[in-house]
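Okay, model-v8.pdb is below, PDB, C-alpha atoms:
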```
ATOM      1  CA  MET A   1     -87.416 116.170 -24.414
ATOM      2  CA  GLY A   2     -87.215 115.251 -28.096
ATOM      3  CA  GLU A   3     -89.494 112.783 -29.775
ATOM      4  CA  GLY A   4     -86.767 110.135 -30.074
ATOM      5  CA  LYS A   5     -85.920 110.359 -26.389
ATOM      6  CA  GLU A   6     -89.554 110.245 -25.305
ATOM      7  CA  ILE A   7     -90.115 107.017 -27.161
ATOM      8  CA  PHE A   8     -87.620 105.288 -24.891
ATOM      9  CA  SER A   9     -88.942 106.860 -21.670
ATOM     10  CA  MET A  10     -90.562 104.866 -18.871
ATOM     11  CA  ALA A  11     -93.560 105.944 -16.820
ATOM     12  CA  VAL A  12     -92.175 107.780 -13.781
ATOM     13  CA  CYS A  13     -94.520 108.181 -10.823
ATOM     14  CA  PRO A  14     -94.974 111.919 -10.066
ATOM     15  CA  VAL A  15     -95.023 111.124  -6.318
ATOM     16  CA  CYS A  16     -92.478 108.398  -5.474
ATOM     17  CA  LYS A  17     -90.478 108.765  -8.733
ATOM     18  CA  ARG A  18     -90.446 105.004  -9.351
ATOM     19  CA  GLU A  19     -90.062 103.925 -12.999
ATOM     20  CA  ASN A  20     -92.977 101.794 -14.150
ATOM     21  CA  PRO A  21     -92.453 100.106 -17.536
ATOM     22  CA  VAL A  22     -96.044  98.853 -17.803
ATOM     23  CA  PRO A  23     -98.807 101.431 -18.446
ATOM     24  CA  SER A  24    -101.261 101.634 -15.529
ATOM     25  CA  THR A  25    -103.749 104.057 -13.996
ATOM     26  CA  HIS A  26    -101.974 104.045 -10.624
ATOM     27  CA  CYS A  27     -98.381 103.590  -9.488
ATOM     28  CA  PRO A  28     -97.897  99.977  -8.303
ATOM     29  CA  ALA A  29     -95.453 101.188  -5.646
ATOM     30  CA  CYS A  30     -97.316 103.971  -3.867
ATOM     31  CA  GLY A  31    -100.773 103.949  -5.478
ATOM     32  CA  ALA A  32    -100.604 107.520  -6.768
ATOM     33  CA  PRO A  33    -102.641 108.219  -9.945
ATOM     34  CA  MET A  34    -100.604 108.349 -13.124
ATOM     35  CA  THR A  35    -101.173 111.296 -15.463
ATOM     36  CA  GLU A  36    -102.100 110.805 -19.117
ATOM     37  CA  GLU A  37     -98.697 112.078 -20.216
ATOM     38  CA  VAL A  38     -96.894 109.578 -17.990
ATOM     39  CA  LYS A  39     -99.113 106.702 -19.135
ATOM     40  CA  LYS A  40     -98.510 107.632 -22.755
ATOM     41  CA  ALA A  41     -94.741 107.503 -22.211
ATOM     42  CA  ALA A  42     -95.084 104.025 -20.695
ATOM     43  CA  GLU A  43     -97.159 102.854 -23.658
ATOM     44  CA  TYR A  44     -94.429 104.069 -26.016
ATOM     45  CA  ALA A  45     -91.808 102.205 -23.967
ATOM     46  CA  GLN A  46     -93.846  98.991 -23.919
ATOM     47  CA  GLN A  47     -94.398  99.110 -27.679
ATOM     48  CA  ASN A  48     -90.674  99.607 -28.270
ATOM     49  CA  ARG A  49     -89.815  96.637 -26.098
ATOM     50  CA  GLN A  50     -92.198  94.543 -28.172
ATOM     51  CA  ASN A  51     -90.538  95.818 -31.355
ATOM     52  CA  VAL A  52     -87.127  94.912 -29.959
ATOM     53  CA  GLY A  53     -88.375  91.395 -29.332
ATOM     54  CA  LEU A  54     -89.460  91.133 -32.967
ATOM     55  CA  MET A  55     -86.021  92.317 -34.138
ATOM     56  CA  GLY A  56     -84.247  89.486 -32.380
ATOM     57  CA  MET A  57     -81.330  89.623 -29.978
ATOM     58  CA  LYS A  58     -79.009  86.874 -31.246
ATOM     59  CA  TRP A  59     -75.992  89.169 -31.663
ATOM     60  CA  TYR A  60     -76.547  90.640 -28.196
ATOM     61  CA  LYS A  61     -76.634  87.132 -26.680
ATOM     62  CA  PHE A  62     -73.562  86.071 -28.675
ATOM     63  CA  LEU A  63     -71.635  89.056 -27.327
ATOM     64  CA  LYS A  64     -72.813  88.549 -23.753
ATOM     65  CA  TYR A  65     -72.385  84.779 -23.478
ATOM     66  CA  PHE A  66     -69.409  84.100 -25.744
ATOM     67  CA  SER A  67     -67.651  86.906 -27.605
ATOM     68  CA  LEU A  68     -66.968  89.317 -24.733
ATOM     69  CA  PRO A  69     -65.954  86.636 -22.175
ATOM     70  CA  ALA A  70     -63.652  85.075 -24.793
ATOM     71  CA  SER A  71     -62.256  88.496 -25.722
ATOM     72  CA  LEU A  72     -61.533  89.236 -22.066
ATOM     73  CA  LEU A  73     -59.572  85.999 -21.776
ATOM     74  CA  VAL A  74     -57.675  86.471 -25.046
ATOM     75  CA  ASN A  75     -56.884  90.142 -24.377
ATOM     76  CA  GLY A  76     -55.833  89.378 -20.805
ATOM     77  CA  VAL A  77     -53.334  86.784 -22.018
ATOM     78  CA  GLY A  78     -52.261  89.151 -24.795
ATOM     79  CA  LEU A  79     -51.627  91.985 -22.349
ATOM     80  CA  TYR A  80     -49.571  89.678 -20.123
ATOM     81  CA  ASP A  81     -47.490  88.626 -23.133
ATOM     82  CA  SER A  82     -47.116  92.237 -24.308
ATOM     83  CA  ILE A  83     -45.734  93.274 -20.920
ATOM     84  CA  GLY A  84     -43.245  90.398 -21.050
ATOM     85  CA  ASN A  85     -42.258  91.286 -24.620
ATOM     86  CA  LEU A  86     -41.722  94.924 -23.730
ATOM     87  CA  GLN A  87     -39.543  94.039 -20.745
ATOM     88  CA  SER A  88     -37.399  91.622 -22.753
ATOM     89  CA  LEU A  89     -37.374  93.568 -26.028
ATOM     90  CA  ASP A  90     -34.080  93.273 -27.885
ATOM     91  CA  LEU A  91     -34.084  95.828 -30.690
ATOM     92  CA  SER A  92     -30.809  94.487 -32.046
ATOM     93  CA  ALA A  93     -32.839  91.629 -33.520
ATOM     94  CA  TYR A  94     -34.632  94.043 -35.880
ATOM     95  CA  TYR A  95     -33.574  96.025 -38.909
ATOM     96  CA  GLU A  96     -32.256  99.427 -37.908
ATOM     97  CA  SER A  97     -34.954 101.358 -39.753
ATOM     98  CA  LEU A  98     -37.713  99.311 -38.078
ATOM     99  CA  GLN A  99     -36.458  99.538 -34.492
ATOM    100  CA  GLN A 100     -38.474 102.635 -33.639
ATOM    101  CA  ALA A 101     -41.657 101.107 -35.070
ATOM    102  CA  VAL A 102     -41.119  97.921 -33.046
ATOM    103  CA  GLN A 103     -40.590  99.963 -29.870
ATOM    104  CA  VAL A 104     -43.748 102.011 -30.483
ATOM    105  CA  GLU A 105     -45.788  98.887 -31.186
ATOM    106  CA  ALA A 106     -44.587  97.147 -28.006
ATOM    107  CA  THR A 107     -45.289 100.193 -25.836
ATOM    108  CA  ALA A 108     -48.671 100.950 -27.413
ATOM    109  CA  ALA A 109     -49.713  97.293 -27.154
ATOM    110  CA  VAL A 110     -49.263  97.431 -23.385
ATOM    111  CA  GLY A 111     -50.868 100.827 -22.776
ATOM    112  CA  LEU A 112     -53.794 100.542 -25.154
ATOM    113  CA  GLY A 113     -54.171  96.835 -24.396
ATOM    114  CA  ALA A 114     -54.839  97.660 -20.754
ATOM    115  CA  VAL A 115     -57.460 100.234 -21.774
ATOM    116  CA  VAL A 116     -59.178  97.738 -24.080
ATOM    117  CA  LEU A 117     -59.245  95.137 -21.305
ATOM    118  CA  VAL A 118     -61.040  97.573 -18.985
ATOM    119  CA  LEU A 119     -63.489  98.556 -21.722
ATOM    120  CA  LEU A 120     -64.297  94.916 -22.481
ATOM    121  CA  ALA A 121     -64.976  94.260 -18.792
ATOM    122  CA  VAL A 122     -67.307  97.276 -18.617
ATOM    123  CA  ALA A 123     -68.986  96.226 -21.862
ATOM    124  CA  LEU A 124     -69.687  92.727 -20.541
ATOM    125  CA  TRP A 125     -70.985  94.034 -17.210
ATOM    126  CA  GLY A 126     -73.125  96.655 -18.969
ATOM    127  CA  LEU A 127     -74.704  94.200 -21.398
ATOM    128  CA  ILE A 128     -75.450  91.751 -18.591
ATOM    129  CA  LYS A 129     -77.081  94.555 -16.571
ATOM    130  CA  LYS A 130     -78.706  95.977 -19.721
ATOM    131  CA  LYS A 131     -77.162  99.395 -19.234
ATOM    132  CA  TRP A 132     -76.224 101.621 -22.131
ATOM    133  CA  ILE A 133     -72.709 102.102 -20.791
ATOM    134  CA  GLY A 134     -72.043  98.524 -21.902
ATOM    135  CA  VAL A 135     -72.681  99.483 -25.531
ATOM    136  CA  GLN A 136     -70.568 102.628 -25.158
ATOM    137  CA  ALA A 137     -67.695 100.586 -23.728
ATOM    138  CA  LEU A 138     -68.007  98.064 -26.557
ATOM    139  CA  LEU A 139     -67.776 100.822 -29.160
ATOM    140  CA  GLY A 140     -64.967 102.438 -27.189
ATOM    141  CA  GLY A 141     -62.987  99.208 -27.424
ATOM    142  CA  TYR A 142     -63.199  99.376 -31.206
ATOM    143  CA  ILE A 143     -62.002 102.992 -31.154
ATOM    144  CA  VAL A 144     -58.974 102.197 -28.968
ATOM    145  CA  ASN A 145     -58.004  99.247 -31.178
ATOM    146  CA  ALA A 146     -58.344 101.522 -34.201
ATOM    147  CA  LEU A 147     -56.076 104.053 -32.489
ATOM    148  CA  LEU A 148     -53.340 101.430 -32.162
ATOM    149  CA  GLY A 149     -53.648 100.579 -35.854
ATOM    150  CA  LEU A 150     -53.615 104.246 -36.864
ATOM    151  CA  VAL A 151     -50.530 104.967 -34.751
ATOM    152  CA  MET A 152     -48.679 102.083 -36.348
ATOM    153  CA  VAL A 153     -49.619 103.096 -39.893
ATOM    154  CA  VAL A 154     -48.320 106.623 -39.223
ATOM    155  CA  VAL A 155     -45.102 105.351 -37.625
ATOM    156  CA  LEU A 156     -44.434 102.830 -40.387
ATOM    157  CA  ALA A 157     -45.166 105.432 -43.065
ATOM    158  CA  GLY A 158     -42.219 107.425 -41.737
ATOM    159  CA  VAL A 159     -39.813 104.477 -41.951
ATOM    160  CA  GLN A 160     -37.176 104.766 -44.675
ATOM    161  CA  PRO A 161     -36.195 101.182 -45.631
ATOM    162  CA  ALA A 162     -32.505 100.665 -46.389
ATOM    163  CA  THR A 163     -32.970  97.281 -48.075
ATOM    164  CA  GLU A 164     -35.591  95.408 -50.086
ATOM    165  CA  ALA A 165     -36.207  93.122 -47.116
ATOM    166  CA  GLU A 166     -37.022  96.116 -44.896
ATOM    167  CA  ALA A 167     -39.286  97.568 -47.595
ATOM    168  CA  LEU A 168     -41.164  94.266 -47.849
ATOM    169  CA  ILE A 169     -41.635  94.067 -44.056
ATOM    170  CA  LYS A 170     -42.817  97.674 -43.953
ATOM    171  CA  SER A 171     -45.330  97.058 -46.755
ATOM    172  CA  THR A 172     -46.619  93.890 -45.096
ATOM    173  CA  PHE A 173     -47.134  95.590 -41.728
ATOM    174  CA  ILE A 174     -48.900  98.596 -43.265
ATOM    175  CA  THR A 175     -51.217  96.296 -45.215
ATOM    176  CA  GLN A 176     -52.041  94.324 -42.062
ATOM    177  CA  TYR A 177     -52.789  97.398 -39.971
ATOM    178  CA  THR A 178     -54.788  99.047 -42.751
ATOM    179  CA  SER A 179     -56.920  95.927 -43.198
ATOM    180  CA  SER A 180     -57.441  95.832 -39.446
ATOM    181  CA  LEU A 181     -58.617  99.458 -39.467
ATOM    182  CA  VAL A 182     -61.154  98.693 -42.193
ATOM    183  CA  GLY A 183     -62.485  95.689 -40.275
ATOM    184  CA  ILE A 184     -62.736  97.685 -37.036
ATOM    185  CA  ALA A 185     -64.594 100.498 -38.804
ATOM    186  CA  ILE A 186     -67.122  98.025 -40.237
ATOM    187  CA  MET A 187     -67.702  96.375 -36.843
ATOM    188  CA  PHE A 188     -68.065  99.752 -35.136
ATOM    189  CA  VAL A 189     -70.751 100.903 -37.581
ATOM    190  CA  LEU A 190     -72.641  97.592 -37.547
ATOM    191  CA  ASN A 191     -72.702  97.423 -33.741
ATOM    192  CA  ARG A 192     -73.750 101.041 -33.412
ATOM    193  CA  VAL A 193     -76.644 100.614 -35.831
ATOM    194  CA  TYR A 194     -77.660  97.304 -34.218
ATOM    195  CA  PHE A 195     -77.782  98.631 -30.656
ATOM    196  CA  ASN A 196     -79.293 102.013 -31.544
ATOM    197  CA  LYS A 197     -82.300 100.103 -32.861
ATOM    198  CA  ARG A 198     -82.563  98.269 -29.538
ATOM    199  CA  LYS A 199     -82.178 101.076 -27.018
ATOM    200  CA  ALA A 200     -85.548 100.241 -25.497
ATOM    201  CA  MET A 201     -84.071  97.185 -23.796
ATOM    202  CA  PHE A 202     -81.609  99.304 -21.828
ATOM    203  CA  ASP A 203     -82.093 101.526 -18.788
ATOM    204  CA  ALA A 204     -83.140 104.819 -20.393
ATOM    205  CA  GLN A 205     -81.752 106.823 -17.469
ATOM    206  CA  LYS A 206     -78.229 105.521 -18.158
ATOM    207  CA  MET A 207     -78.151 106.411 -21.846
TER     208      MET A 207
END
```
Transcribe the structure of this file into structure tokens.
Amino acid sequence: MGEGKEIFSMAVCPVCKRENPVPSTHCPACGAPMTEEVKKAAEYAQQNRQNVGLMGMKWYKFLKYFSLPASLLVNGVGLYDSIGNLQSLDLSAYYESLQQAVQVEATAAVGLGAVVLVLLAVALWGLIKKKWIGVQALLGGYIVNALLGLVMVVVLAGVQPATEAEALIKSTFITQYTSSLVGIAIMFVLNRVYFNKRKAMFDAQKM
């Protein structure tokens, strides 16, 4: 066990295997004496929880109580609309050179949208239960959204516009997806750094 992992460990009773977050001389569950090594691990865990409290958890609470529930609602409605759009898609309404890109976008929006919806649900459940899988799902949602943007940039890059209007639409879409990718990358890094500093609040056994 590395030093970084040990810091986030909890005191595990050598007899009943119960996790005890508060350092003590005996296990509160079965009464077995706790070894010095086990007590030291609990002291590390307690100190880290205190440090987490000093850091503040406003972003965590914002995600849990507002952002993720709202995202679930918005993405659920978006997925429903995407399915309807895909079923009623009329490619004749688009420029010939952009038809393939429109088809790819509609299909990817449904498939990847469903994946994102599941990840958001897991992220919300995980953060409420204070399990590390919630953070992993949150970061996974960013990755899947980035995948959609990357796919569209690649597809649009291969489009050969036949008119100035098509060229303008292509340029606009590429700019939008590229900007989205930059924003997603920033949010991914910020969330990863934020939660890595607060691992002590999560169930260490689920990390």
Shortest interatomic distance to Gln160 in chain A - which of A:Ser71, A:Ser180, A:Ser97, A:Thr107, counting all atoms listed in the file: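 Once distances to Gln160 in chain A are computed over all atoms listed in the file, the minimum belongs to A:Ser97.
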Output check: residues returned by the PyMOL selection byres ((chain A and resi 72-74) around 12), as a VMD selection string: chain A and resid 63 to 71 75 to 81 113 to 125 138 141
Evaluate the PyMOL selection byres ((chain A and resi 132) around 12) and report residues as an MDAnalysis selection string: chainID A and resid 122:131 133:139 192 195:196 198:207
Quick one: axis-aligned box around all listed atoms of range 85-94 of chain A, 5 Å on every side, centre and edge lengths in Å to one decimal, written as JSON.
```
{"center_x": -36.5, "center_y": 93.6, "center_z": -28.3, "size_x": 21.4, "size_y": 14.5, "size_z": 25.1}
```
Who sits within 12 Å of Ala108 in chain A, all atoms listed in the file, same chain under 6 positions skipped, as a ChimeraX atom specification: /A:79,82-83,85-86,101-102,114-116,144-152,155
Residue nearest Thr163 in chain A - candidates A:Gly31, A:Asp90, A:Leu98, A:Glu105, atoms counted: only C-alpha atoms: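 Residue with the minimum atom-to-atom distance to Thr163 in chain A: A:Leu98.
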Nearest to Phe188 in chain A by atom-to-atom distance, counting all atoms listed in the file, from A:Gln87, A:Ile143, A:Gln176, A:Glu166: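 Smallest distance to Phe188 in chain A is found for A:Ile143.
Atom pair CA of Ile174 in chain A / CA of Ala157 in chain A: separated by 7.8 Å.
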CA of Ala106 in chain A to CA of Glu164 in chain A, distance in Å rounded to a single decimal: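 For CA of Ala106 in chain A relative to CA of Glu164 in chain A, the distance reads 23.9 Å.
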Nearest to Ser88 in chain A, chosen from A:Asn191, A:Lys197, A:Gln103, A:Cys27, with only C-alpha atoms counted in the distances: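 Among the listed residues, the smallest separation from Ser88 in chain A belongs to A:Gln103.
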